[in-house]
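S.K.: Sharing a structure, written as structure tokens. Questions coming.
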Amino acid sequence: MTCLIMLASGIHFVLLVSRQGKVRLTKWYSPYAQKERSKVIRELSGVILNRGPKLCNFVEWRGYKVVYKRYASLYFCMCIDQEDNELEVLEIIHHYVEILDRYFGSVCELDLIFNFHKAYYILDELLIAGELQESSKKTVARIISAQDQLVEVAKEEASSISNIIAQATK
Amino acid sequence: MTGMRGLSVFISDIRNCQNKEAERLRVDKELGNIRTCFKNEKVLTPYKKKKYVWKMLYIHMLGYDVDFGHMEAVSLISAPKYPEKQVGYIVTSCLLNENNDFLKLAINTVRNDIIGRNETFQCLALTLVGNIGGRDFSESLAPDVQKLLISSSCRPLVRKKAALCLLRLFRKNPDAVNVDGWADRMAQLLDERDIGVLTSSTSLLVALVSNNHEAYSSCLPKCVKILERLSRNQDVPQEYTYYGIPSPWLQVKAMRALQYFPTIEDPSTRKALFEVLQRILMGTDVVKNVNKNNASHAVLFEALSLVMHLDAEKEMMSQCVALLGKFISVREPNIRYLGLENMTRMLMITDVQDIIKKHQSQIITSLKDPDISIRRRALDLLYGMCDVSNAKDIVEELLQYLSTAEFSMREELSLKAAILAEKFAPDLSWYVDVILQLIDKAGDFVSDDIWFRVVQFVTNNEDLQPYAASKAREYLDKIAIHETMVKVSAYILGEYGHLLARQPGCSASELFNILHEKLPTVSTPTIPILLSTYAKLLMHTQPPDPELQKKIWAVFKKYESCIDVEIQQRAVEYFELSKKGAAFMDVLAEMPKFPERQSSLIKKAEDVEDTADQSAIKLRAQQQPSNALVLAEPQPVNGAPSPLKVPIVSGSTQDPDSVARSLSQPNGTIGNIDPQIPSPDLLSDLLGPLAIEAAPEAVSTDQHGPIGAEGVPEEVDGSAIVPVEEQTNSTELIGNIAERFHALCLKDSGVLYEDSHVQIGIKAEWRGHHGRLVLFMGNKNTSPLTSVQALILPPAHLKLDLSPVPDTIPPRAQVQSPLEVMNIRPSRDVAVLDFSYKFGTNMVNAKLRIPATLNKFLQPLQLTSEEFFPQWRALSGPPLKLQEVVRGVRPLALPEMANLFNSFHVTVCPGLDPNPNNLVASTTFYSESTGAMLCLARIETDPADRTQLRMTVGSGDPSLTFELKEFIKEQLITIPMGSRAIVPAAGSGPAQPVAQPPSPATLADDPGALLAGLL
């Protein structure tokens, strides 16, 4: 039987955008082509950046809901379906921010600009398929630091090998 | 960034760019650089490769196209070392989406990492597949991922990723998870102690039960257990409490899963669950800490929807309503927003409506909130809760809000206000007030339907006429009024202005002066209405006012040679008529009452009813013009009997002098007009050909000039000049075109059109989204038909290819012409065949709808309850699943209705719905854009009232759902055996030089057209 009916799909995408409209991170869990991606970002930053303070954290957009929250100069946005639980997603955002904060030690926008890859690594430990994967900050921190270590070890290995080669070719 | 200097420098450069142009230059330079490196350096060091793909990702993130280097990113996945692999995986999963072909190349490497022994590699691979895996991945990897999820040797780290990865694969292909083997495993997974794994597994469960809850019924008590564990805070490690709340996310997930089970049978499980829910409902307090508040309310709102779903005891329900009542009055915007949203959902439960009404003033306050999100919720809720008892208050609030509402909301607001006003108006004068205010405040959003409706009500209710006239007069004093206001007030004052004659400022000449001031500001379509009004004003002036007459005649004279045919015709005719004295009075007598007809607005209202979803209104509004494509049947030629003689104007062939001549002929031209006011039925039949400029009526090519342009004398002249035997030339329509079309909608061969000379038959074969039709055109005469032309006017959603039709059909011969049809996307629009031929001196033209209707692309499909219900539930609501209460349904017994459904290939699945008054049905729709798509429908009838029913239609495509719903509705409402002989051709067909976009409804309703009709 042909069946193309979509199941509830979790978070469609995550978008971090600065107050000036600069994109700091995008992660797409639903398939969007490059053109659509740019359009979505443009449209949505227009809507969200123009909202005043003290309003609710939800915006209705193209039949979806976008849950967003501003932290200093950065807006964290997540797009979900109409019937999803908005507050739950709002706290996923906060959870992510807390983890970033713990990792960078009082995170600021600059950290995320120059270490955008870290923001991606951490997000991957938090969400998969647009669903929450881990709700323990401690566990995420442990995993990320293990990854960092793996990279360090590999680097040391590489440099010791190059030392050996350097020695040998002296 | 550790050690990646080049990347940091690049990011700094970008940051230092003064403007977008500088940024683009810098990005282009970098892309050129990367491209050259990828091309020239055969062996890039891992470091460089990493650096470049990170730059690519950064550039991509900034919104630039990065259309190369994907291969390099993907190739890093197969690097042996962790640092390269990690970069490869993450950049690939950000840069590519599931449809990218490069991903297919990586499947093997990814699979090797998943089944390999290296835990960190497993994690990377599972993350990539979980985030961007498509169908290909689903087919080849699902068993491996399942193994990891249940493996006792895997650490939680891997298993929680495996659970969500499997969820993704299942979403892409539900067959990837074999229900038989998996249900027990799933239940075991819910016994997991590690909350990370449990959270991911519960997400997986939500997807599985949404598809097939029966198979996973053993998971139900486990979900309740999880909730008990969390709500009592038993065995929950500190790191899994969030601001003191035991994993709010897991609580929400478990309650979400429970909402996919229709009910909870086991009494002890039910009891345990209700205890948990009770604790949540009672024990959630508003606290200072924002995050704690949000988290606890996330749980609370989920509990509320679970309670609503379970349709719990009355006491618990009223507890929920009380809570919502509290929420909609708090200041915290999130809670207020959600309170309004959930209250709207609660409206579906009938016996709480009265309690909700108590909060009306509070809800109205939210309509004035500074936050548009909240205002939207309040508007939806007010719209949903409105009935006769509170319509006045609510509509007046909406009108007030309209003045300050932002542009983006005005359209929705006006439409909703108009709908509510019409549906629940306590009295008609209030209704007129509301609509006039609406036009005044938001004229741009008041469609013609709405003001036509006002005119109909006023015409049909004598008591209302003086009131409406004085209101209309008041609005004219405003300095700048909307053009729609000009139209409606001109119309009303033309008809009923004389009722005000004794009031100051309301004499005919004063009315003329104030209306005529508006004329320079209006567009072409409004001018004919004004001209009609002037004629009426003139007629009502007793004794005649020579001054006024002079002024009005000057206006008529001025437009006598206007390029717009409609204006020209009216100017000429009114001018001539106004010289006729008594006859003038007859012709311009007051309009007869309109026949009762369904309001198109209410139809719109029904579209949006129960869905509270704006997109439906919009969708509908966008589609309306194209739906107007309806056939016109050829007019009888050469004075064939017609119930009432009327002048027919055939577009540009009109010669003003001839009209003037004919009108001024002494032999009682006007007097021949049947002085009786035609009965409403007759009237509506006559409206058609009059109202349109390019009606495809037959035009005789002999020297008599345009048929009908001369009005009545034509009959006399015609019979005198045309030789008797020539009379057989006249074309007589055989059968009813509309009936023939409706019959062909349900079968695949038959006669599409027949007149005294020609017969067009049709034979069709349908396969998937393709159709092959053959048109058989037969000449019934002993002389040839010449100038045969068949043109297809295709709607946007069909691709049609008609083989050429020969110019001549020999006597007694038949020609065949195949027509290929391809359905591109769902739509109810219909293709039209513009067919014409010449017989003797007569040109005959017919516009015929081709029965390539939506149902032709449906294939019957009968589902079992195991197949039906999971799909049904998976469609969670608008826009994929739409519900509507349909009124005015042709009363049918249930078996008859089932036959009707089956006849258009929507297969009724007997016995699926436990309620014997309901029908559920399924079908497969085919189009190029949707492919083969399953559609489901449910009809709930009311045995006490067979004229109304509730229907719910769902499919995986919003426009398909909408179109199919409308299609079914049309089948249920319309009586295909329409006896209307003449339906105007109209609409967006490219061949028609139509000034206004008329639809049959608007034409019939256009008072201006009606007026012209009496001439």
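Note on naming: chains are A, B, ... as they come in the structure tokens, residues start from 1 per chain, ligands start from 1 in the order shown.
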When you look at segment 897-911 of chain B with a cut-off of 7 Å (counting only C-alpha atoms), what residues show up, excluding the ones that are within fewer than 2 positions of it in the same chain? I need them as a list in words.
M.R.: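 In the requested form, the answer reads Leu746, Asn855, Leu858, Gln859, Pro860, Leu861, Gln862, Leu863, Leu892, Ala893, Leu894, Pro895, Asp913, Pro914, Leu919, Val920, Ala921, Ser922 and Thr923 of chain B.
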S.K.: I need the helix (DSSP H, G or I) residues of segment 805-934 of chain B per DSSP on the backbone, written as an MDAnalysis selection string.
M.R.: chainID B and resid 854:857 865:874 894:903
S.K.: Output the selection as a compact mmCIF listing (two decimals), in the first residue's frame - C-alpha atoms for each residue.
M.R.:
```txt
# COMPACT_ATOMS: atom_id res chain seq x y z
CA LEU B 854 -10.85 15.10 -9.28
CA ASN B 855 -12.58 11.76 -8.70
CA LYS B 856 -11.19 10.39 -11.96
CA PHE B 857 -7.80 10.34 -10.31
CA SER B 865 -9.48 -1.37 10.62
CA GLU B 866 -5.83 -2.32 11.26
CA GLU B 867 -4.85 -0.33 8.22
CA PHE B 868 -7.26 2.52 8.62
CA PHE B 869 -6.98 3.65 12.20
CA PRO B 870 -3.22 4.08 12.53
CA GLN B 871 -3.21 6.23 9.41
CA TRP B 872 -6.21 8.12 10.65
CA ARG B 873 -4.61 8.93 13.92
CA ALA B 874 -1.32 9.79 12.34
CA LEU B 894 -26.88 5.82 4.67
CA PRO B 895 -26.73 3.04 2.05
CA GLU B 896 -27.49 5.60 -0.65
CA MET B 897 -24.73 7.80 0.62
CA ALA B 898 -22.37 4.84 0.62
CA ASN B 899 -23.31 4.19 -3.01
CA LEU B 900 -22.68 7.81 -3.85
CA PHE B 901 -19.23 7.63 -2.30
CA ASN B 902 -18.39 4.40 -4.04
CA SER B 903 -19.53 5.89 -7.33
```
S.K.: Using only C-alpha atoms, which of A:Ser136, A:Gln34, A:Gln149, A:Gln82 sits nearest Glu98 of chain A?
M.R.: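 Smallest separation from Glu98 of chain A among the options: A:Ser136.
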S.K.: Can you check which parts of chain A lie within 8 Å of chain B? Per residue, the shortest pair of atoms and distance in Å to one decimal, counting only C-alpha atoms, sorted by chain and number, as JSON lines.
M.R.:
```
{"residue": "A:Thr2", "atom": "CA", "partner": "B:Ala932", "partner_atom": "CA", "distance": 6.3}
{"residue": "A:Cys3", "atom": "CA", "partner": "B:Leu934", "partner_atom": "CA", "distance": 6.1}
{"residue": "A:Leu4", "atom": "CA", "partner": "B:Gly956", "partner_atom": "CA", "distance": 6.1}
{"residue": "A:Ile5", "atom": "CA", "partner": "B:Gly956", "partner_atom": "CA", "distance": 4.4}
{"residue": "A:Met6", "atom": "CA", "partner": "B:Gly956", "partner_atom": "CA", "distance": 6.2}
{"residue": "A:Leu7", "atom": "CA", "partner": "B:Ala874", "partner_atom": "CA", "distance": 5.6}
{"residue": "A:Ala8", "atom": "CA", "partner": "B:Ala207", "partner_atom": "CA", "distance": 7.0}
{"residue": "A:Ser9", "atom": "CA", "partner": "B:Arg171", "partner_atom": "CA", "distance": 7.8}
{"residue": "A:Lys22", "atom": "CA", "partner": "B:Leu62", "partner_atom": "CA", "distance": 7.5}
{"residue": "A:Val23", "atom": "CA", "partner": "B:Leu62", "partner_atom": "CA", "distance": 5.9}
{"residue": "A:Arg24", "atom": "CA", "partner": "B:Met61", "partner_atom": "CA", "distance": 7.4}
{"residue": "A:Leu25", "atom": "CA", "partner": "B:Met61", "partner_atom": "CA", "distance": 6.5}
{"residue": "A:Thr26", "atom": "CA", "partner": "B:Met61", "partner_atom": "CA", "distance": 6.4}
{"residue": "A:Lys27", "atom": "CA", "partner": "B:Cys94", "partner_atom": "CA", "distance": 6.4}
{"residue": "A:Trp28", "atom": "CA", "partner": "B:Cys94", "partner_atom": "CA", "distance": 7.2}
{"residue": "A:Tyr29", "atom": "CA", "partner": "B:Asn131", "partner_atom": "CA", "distance": 5.7}
{"residue": "A:Ser30", "atom": "CA", "partner": "B:Ile132", "partner_atom": "CA", "distance": 7.9}
{"residue": "A:Pro31", "atom": "CA", "partner": "B:Asn97", "partner_atom": "CA", "distance": 5.5}
{"residue": "A:Tyr32", "atom": "CA", "partner": "B:Asn97", "partner_atom": "CA", "distance": 6.9}
{"residue": "A:Ala33", "atom": "CA", "partner": "B:Asn97", "partner_atom": "CA", "distance": 7.2}
{"residue": "A:Gln34", "atom": "CA", "partner": "B:Asp65", "partner_atom": "CA", "distance": 7.1}
{"residue": "A:Arg37", "atom": "CA", "partner": "B:Gly63", "partner_atom": "CA", "distance": 7.9}
{"residue": "A:Ser38", "atom": "CA", "partner": "B:Gly63", "partner_atom": "CA", "distance": 5.7}
{"residue": "A:Lys54", "atom": "CA", "partner": "B:Pro333", "partner_atom": "CA", "distance": 7.6}
{"residue": "A:Leu55", "atom": "CA", "partner": "B:Asp371", "partner_atom": "CA", "distance": 5.7}
{"residue": "A:Cys56", "atom": "CA", "partner": "B:Pro333", "partner_atom": "CA", "distance": 4.7}
{"residue": "A:Asn57", "atom": "CA", "partner": "B:Asn334", "partner_atom": "CA", "distance": 6.4}
{"residue": "A:Phe58", "atom": "CA", "partner": "B:Ser373", "partner_atom": "CA", "distance": 6.9}
{"residue": "A:Val59", "atom": "CA", "partner": "B:Ser373", "partner_atom": "CA", "distance": 5.9}
{"residue": "A:Glu60", "atom": "CA", "partner": "B:Ser373", "partner_atom": "CA", "distance": 6.7}
{"residue": "A:Gly63", "atom": "CA", "partner": "B:Ser615", "partner_atom": "CA", "distance": 7.6}
{"residue": "A:Glu83", "atom": "CA", "partner": "B:Ser876", "partner_atom": "CA", "distance": 7.9}
{"residue": "A:Asn85", "atom": "CA", "partner": "B:Ala298", "partner_atom": "CA", "distance": 6.7}
{"residue": "A:Glu86", "atom": "CA", "partner": "B:Ala298", "partner_atom": "CA", "distance": 7.4}
{"residue": "A:Leu87", "atom": "CA", "partner": "B:Ala298", "partner_atom": "CA", "distance": 4.9}
{"residue": "A:Glu88", "atom": "CA", "partner": "B:Ala298", "partner_atom": "CA", "distance": 5.3}
{"residue": "A:Leu90", "atom": "CA", "partner": "B:Asn294", "partner_atom": "CA", "distance": 7.7}
{"residue": "A:Glu91", "atom": "CA", "partner": "B:Ala295", "partner_atom": "CA", "distance": 6.5}
{"residue": "A:His94", "atom": "CA", "partner": "B:Asn291", "partner_atom": "CA", "distance": 7.8}
{"residue": "A:Ile113", "atom": "CA", "partner": "B:Ile11", "partner_atom": "CA", "distance": 7.7}
{"residue": "A:Phe114", "atom": "CA", "partner": "B:Met1", "partner_atom": "CA", "distance": 6.3}
{"residue": "A:Asn115", "atom": "CA", "partner": "B:Met1", "partner_atom": "CA", "distance": 5.8}
{"residue": "A:His117", "atom": "CA", "partner": "B:Trp54", "partner_atom": "CA", "distance": 7.8}
{"residue": "A:Tyr120", "atom": "CA", "partner": "B:Ile90", "partner_atom": "CA", "distance": 7.7}
{"residue": "A:Tyr121", "atom": "CA", "partner": "B:Ile90", "partner_atom": "CA", "distance": 7.7}
{"residue": "A:Asp124", "atom": "CA", "partner": "B:Thr127", "partner_atom": "CA", "distance": 7.0}
{"residue": "A:Ile128", "atom": "CA", "partner": "B:Gly130", "partner_atom": "CA", "distance": 5.7}
{"residue": "A:Ala129", "atom": "CA", "partner": "B:Asn131", "partner_atom": "CA", "distance": 4.7}
{"residue": "A:Gly130", "atom": "CA", "partner": "B:Asn131", "partner_atom": "CA", "distance": 7.5}
{"residue": "A:Glu131", "atom": "CA", "partner": "B:Ser203", "partner_atom": "CA", "distance": 7.1}
{"residue": "A:Leu132", "atom": "CA", "partner": "B:Ser200", "partner_atom": "CA", "distance": 7.0}
{"residue": "A:Gln133", "atom": "CA", "partner": "B:Ser200", "partner_atom": "CA", "distance": 5.6}
{"residue": "A:Glu134", "atom": "CA", "partner": "B:Gly196", "partner_atom": "CA", "distance": 5.0}
{"residue": "A:Ser135", "atom": "CA", "partner": "B:Tyr240", "partner_atom": "CA", "distance": 6.3}
{"residue": "A:Ser136", "atom": "CA", "partner": "B:Tyr240", "partner_atom": "CA", "distance": 5.3}
{"residue": "A:Lys137", "atom": "CA", "partner": "B:Glu239", "partner_atom": "CA", "distance": 7.0}
{"residue": "A:Lys138", "atom": "CA", "partner": "B:Glu239", "partner_atom": "CA", "distance": 6.6}
{"residue": "A:Leu150", "atom": "CA", "partner": "B:Tyr82", "partner_atom": "CA", "distance": 7.1}
{"residue": "A:Val151", "atom": "CA", "partner": "B:Pro83", "partner_atom": "CA", "distance": 5.3}
{"residue": "A:Ala154", "atom": "CA", "partner": "B:Pro83", "partner_atom": "CA", "distance": 7.1}
```
S.K.: My list of candidates is A:Ala158, A:Ile165, A:Leu74, A:Ile11. Which is closest to Leu110 of chain A when distances are computed with only C-alpha atoms?
M.R.: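 The closest residue to Leu110 of chain A is A:Leu74.
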S.K.: Applying 12 Å and only C-alpha atoms, which residues near Met409 of chain B remain after dropping the ones on its own chain fewer than 6 positions away? List them as a list of chain:residue names.
M.R.: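 Non-adjacent residues within range: B:Leu367, B:Ile372, B:Ser373, B:Arg375, B:Arg376, B:Arg377, B:Leu379, B:Asp380, B:Leu398, B:Tyr401, B:Leu402, B:Ser403, B:Leu415, B:Lys416, B:Ala442, B:Phe445, B:Gln614.
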S.K.: Would you put the residues from that selection into a file with all heavy atoms, as a short mmCIF file (atom, residue, chain, number, x, y, z; two decimals), in the first residue's frame?
M.R.:
```
data_model
loop_
_atom_site.label_atom_id
_atom_site.label_comp_id
_atom_site.auth_asym_id
_atom_site.auth_seq_id
_atom_site.Cartn_x
_atom_site.Cartn_y
_atom_site.Cartn_z
N LEU B 367 -7.82 40.21 23.23
CA LEU B 367 -7.90 40.65 21.83
C LEU B 367 -7.19 42.00 21.68
O LEU B 367 -6.89 42.42 20.57
CB LEU B 367 -9.37 40.76 21.43
CG LEU B 367 -9.70 40.89 19.96
CD1 LEU B 367 -9.24 39.67 19.20
CD2 LEU B 367 -11.19 41.08 19.75
N ILE B 372 0.75 39.91 19.01
CA ILE B 372 -0.11 39.39 17.94
C ILE B 372 -0.38 37.90 18.11
O ILE B 372 -1.47 37.41 17.78
CB ILE B 372 0.49 39.68 16.54
CG1 ILE B 372 -0.51 39.26 15.46
CG2 ILE B 372 1.80 38.98 16.33
CD1 ILE B 372 -0.15 39.70 14.07
N SER B 373 0.57 37.15 18.64
CA SER B 373 0.34 35.71 18.84
C SER B 373 -0.86 35.51 19.76
O SER B 373 -1.72 34.66 19.51
CB SER B 373 1.57 35.05 19.45
OG SER B 373 2.67 35.16 18.58
N ARG B 375 -3.24 37.76 20.39
CA ARG B 375 -4.47 38.26 19.75
C ARG B 375 -5.05 37.22 18.79
O ARG B 375 -6.25 37.03 18.72
CB ARG B 375 -4.17 39.55 19.00
CG ARG B 375 -3.93 40.72 19.93
CD ARG B 375 -4.06 42.04 19.19
NE ARG B 375 -3.17 42.15 18.06
CZ ARG B 375 -1.94 42.62 18.10
NH1 ARG B 375 -1.42 43.02 19.26
NH2 ARG B 375 -1.20 42.72 17.02
N ARG B 376 -4.17 36.54 18.08
CA ARG B 376 -4.66 35.50 17.17
C ARG B 376 -5.40 34.40 17.92
O ARG B 376 -6.44 33.93 17.48
CB ARG B 376 -3.48 34.86 16.43
CG ARG B 376 -3.07 35.59 15.20
CD ARG B 376 -2.06 34.73 14.45
NE ARG B 376 -1.27 35.51 13.53
CZ ARG B 376 -1.74 36.03 12.39
NH1 ARG B 376 -2.98 35.81 12.05
NH2 ARG B 376 -0.98 36.76 11.62
N ARG B 377 -4.83 34.00 19.04
CA ARG B 377 -5.48 32.95 19.83
C ARG B 377 -6.83 33.44 20.33
O ARG B 377 -7.81 32.71 20.32
CB ARG B 377 -4.60 32.55 21.01
CG ARG B 377 -3.37 31.75 20.70
CD ARG B 377 -3.67 30.39 20.11
NE ARG B 377 -3.31 30.35 18.72
CZ ARG B 377 -4.11 29.97 17.74
NH1 ARG B 377 -5.33 29.59 17.99
NH2 ARG B 377 -3.69 29.96 16.51
N LEU B 379 -8.72 35.72 19.04
CA LEU B 379 -9.65 35.82 17.92
C LEU B 379 -10.24 34.44 17.59
O LEU B 379 -11.44 34.29 17.40
CB LEU B 379 -8.93 36.41 16.70
CG LEU B 379 -9.72 36.47 15.40
CD1 LEU B 379 -10.96 37.32 15.55
CD2 LEU B 379 -8.86 37.04 14.26
N ASP B 380 -9.36 33.46 17.53
CA ASP B 380 -9.84 32.10 17.23
C ASP B 380 -10.84 31.62 18.27
O ASP B 380 -11.84 30.98 17.95
CB ASP B 380 -8.65 31.13 17.22
CG ASP B 380 -8.20 30.85 15.80
OD1 ASP B 380 -8.75 31.50 14.89
OD2 ASP B 380 -7.32 30.01 15.61
N LEU B 398 -14.92 42.79 17.62
CA LEU B 398 -14.08 42.54 16.45
C LEU B 398 -14.01 43.78 15.57
O LEU B 398 -12.95 44.15 15.08
CB LEU B 398 -14.59 41.35 15.64
CG LEU B 398 -14.61 39.98 16.32
CD1 LEU B 398 -15.00 38.90 15.32
CD2 LEU B 398 -13.26 39.64 16.95
N TYR B 401 -11.76 46.30 17.12
CA TYR B 401 -10.38 45.88 17.00
C TYR B 401 -9.89 46.12 15.57
O TYR B 401 -8.72 46.45 15.33
CB TYR B 401 -10.27 44.41 17.39
CG TYR B 401 -8.94 43.78 17.13
CD1 TYR B 401 -7.75 44.50 17.30
CD2 TYR B 401 -8.85 42.46 16.74
CE1 TYR B 401 -6.52 43.91 17.06
CE2 TYR B 401 -7.63 41.86 16.49
CZ TYR B 401 -6.47 42.60 16.65
OH TYR B 401 -5.26 42.01 16.40
N LEU B 402 -10.80 46.00 14.61
CA LEU B 402 -10.43 46.14 13.20
C LEU B 402 -9.73 47.46 12.92
O LEU B 402 -8.81 47.53 12.11
CB LEU B 402 -11.71 46.01 12.36
CG LEU B 402 -11.55 45.82 10.86
CD1 LEU B 402 -10.73 44.60 10.56
CD2 LEU B 402 -12.93 45.69 10.23
N SER B 403 -10.15 48.52 13.60
CA SER B 403 -9.56 49.83 13.32
C SER B 403 -8.09 49.87 13.68
O SER B 403 -7.32 50.62 13.09
CB SER B 403 -10.28 50.92 14.11
OG SER B 403 -11.64 50.64 14.18
N LEU B 415 -13.30 38.81 7.60
CA LEU B 415 -14.05 37.65 7.15
C LEU B 415 -14.78 37.01 8.32
O LEU B 415 -15.96 36.68 8.25
CB LEU B 415 -13.08 36.65 6.50
CG LEU B 415 -13.72 35.44 5.86
CD1 LEU B 415 -14.77 35.87 4.85
CD2 LEU B 415 -12.66 34.58 5.18
N LYS B 416 -14.06 36.90 9.44
CA LYS B 416 -14.68 36.25 10.60
C LYS B 416 -15.85 37.08 11.11
O LYS B 416 -16.90 36.54 11.46
CB LYS B 416 -13.64 36.01 11.69
CG LYS B 416 -12.74 34.84 11.31
CD LYS B 416 -11.81 34.39 12.41
CE LYS B 416 -11.26 33.01 12.03
NZ LYS B 416 -10.07 32.65 12.77
N ALA B 442 -12.68 48.41 6.63
CA ALA B 442 -11.75 47.49 5.97
C ALA B 442 -12.29 47.09 4.61
O ALA B 442 -12.34 45.91 4.27
CB ALA B 442 -11.52 46.26 6.85
N PHE B 445 -11.02 44.34 2.31
CA PHE B 445 -11.15 42.93 2.64
C PHE B 445 -12.59 42.45 2.59
O PHE B 445 -12.88 41.33 2.96
CB PHE B 445 -10.55 42.65 4.02
CG PHE B 445 -9.11 43.05 4.10
CD1 PHE B 445 -8.68 44.00 4.99
CD2 PHE B 445 -8.18 42.48 3.23
CE1 PHE B 445 -7.35 44.38 5.04
CE2 PHE B 445 -6.86 42.85 3.26
CZ PHE B 445 -6.44 43.80 4.17
N GLN B 614 -6.97 29.32 9.82
CA GLN B 614 -7.05 30.39 8.85
C GLN B 614 -6.71 29.92 7.46
O GLN B 614 -7.25 30.41 6.48
CB GLN B 614 -6.12 31.52 9.31
CG GLN B 614 -5.82 32.58 8.26
CD GLN B 614 -7.04 33.32 7.84
OE1 GLN B 614 -8.14 33.00 8.24
NE2 GLN B 614 -6.87 34.30 6.99
#
```
S.K.: So how many Å separate atom CA of Arg42 of chain A and atom CA of Lys118 of chain A, to one decimal?
M.R.: 24.3 Å
S.K.: Using only C-alpha atoms, determine which residues lie at most 12 Å from Arg102 of chain A, disregarding the query and same-chain residues fewer than 4 positions distant; provide the list as a list in words.
M.R.: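 Neighbouring residues, sequence-local ones excluded: His95, Tyr96, Val97, Glu98, Ser106, Val107, Cys108, Ile122, Lys137, Lys138, Val140, Ala141, Arg142, Ile144 and Ser145 of chain A.
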S.K.: Would you put the residues from that selection into a file with N, CA and C atoms, as a tab-separated table (two decimals), in the first residue's frame?
M.R.:
```
chain	number	residue	atom	x	y	z
A	95	HIS	N	17.72	24.51	28.13
A	95	HIS	CA	18.60	23.40	28.46
A	95	HIS	C	19.88	23.49	27.61
A	96	TYR	N	19.71	23.73	26.33
A	96	TYR	CA	20.84	23.87	25.41
A	96	TYR	C	21.72	25.04	25.83
A	97	VAL	N	21.08	26.14	26.14
A	97	VAL	CA	21.85	27.33	26.53
A	97	VAL	C	22.64	27.05	27.81
A	98	GLU	N	22.03	26.35	28.74
A	98	GLU	CA	22.74	26.05	29.99
A	98	GLU	C	23.96	25.17	29.73
A	106	SER	N	30.23	30.75	31.03
A	106	SER	CA	29.54	32.00	30.73
A	106	SER	C	29.65	32.37	29.24
A	107	VAL	N	28.85	31.67	28.48
A	107	VAL	CA	28.94	31.77	27.02
A	107	VAL	C	28.50	33.13	26.51
A	108	CYS	N	29.15	33.61	25.44
A	108	CYS	CA	28.69	34.82	24.78
A	108	CYS	C	28.65	34.57	23.28
A	122	ILE	N	27.61	19.99	20.40
A	122	ILE	CA	26.78	19.92	21.60
A	122	ILE	C	25.31	19.69	21.23
A	137	LYS	N	22.39	17.47	31.92
A	137	LYS	CA	23.48	18.35	31.52
A	137	LYS	C	24.82	17.68	31.77
A	138	LYS	N	24.86	16.95	32.89
A	138	LYS	CA	26.11	16.31	33.30
A	138	LYS	C	26.53	15.30	32.23
A	140	VAL	N	25.73	15.16	29.06
A	140	VAL	CA	26.18	15.82	27.83
A	140	VAL	C	27.59	16.36	28.02
A	141	ALA	N	27.84	17.00	29.15
A	141	ALA	CA	29.16	17.57	29.40
A	141	ALA	C	30.22	16.48	29.36
A	142	ARG	N	29.89	15.33	29.95
A	142	ARG	CA	30.84	14.21	29.99
A	142	ARG	C	31.16	13.76	28.56
A	144	ILE	N	30.87	15.38	25.72
A	144	ILE	CA	31.61	16.38	24.94
A	144	ILE	C	33.08	16.41	25.35
A	145	SER	N	33.31	16.29	26.64
A	145	SER	CA	34.71	16.38	27.05
A	145	SER	C	35.45	15.11	26.61
```
S.K.: Provide the atom CA of Met951 of chain B to atom CA of Thr344 of chain B distance in Å, to one decimal place.
M.R.: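 Separation between atom CA of Met951 of chain B and atom CA of Thr344 of chain B: 19.5 Å.
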S.K.: One decimal, Å: what's the distance from atom CA of Val815 of chain B over to atom CA of Gly778 of chain B, could you say?
M.R.: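 Taking atom CA of Val815 of chain B as the start and atom CA of Gly778 of chain B as the end point, the length is 6.4 Å.
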S.K.: Please identify which residues in segment 817-913 of chain B DSSP calls strand (DSSP E) from the backbone, and express them as a ChimeraX atom specification.
M.R.: /B:817-823,832-839,842-849,858-860,881-886,907-908
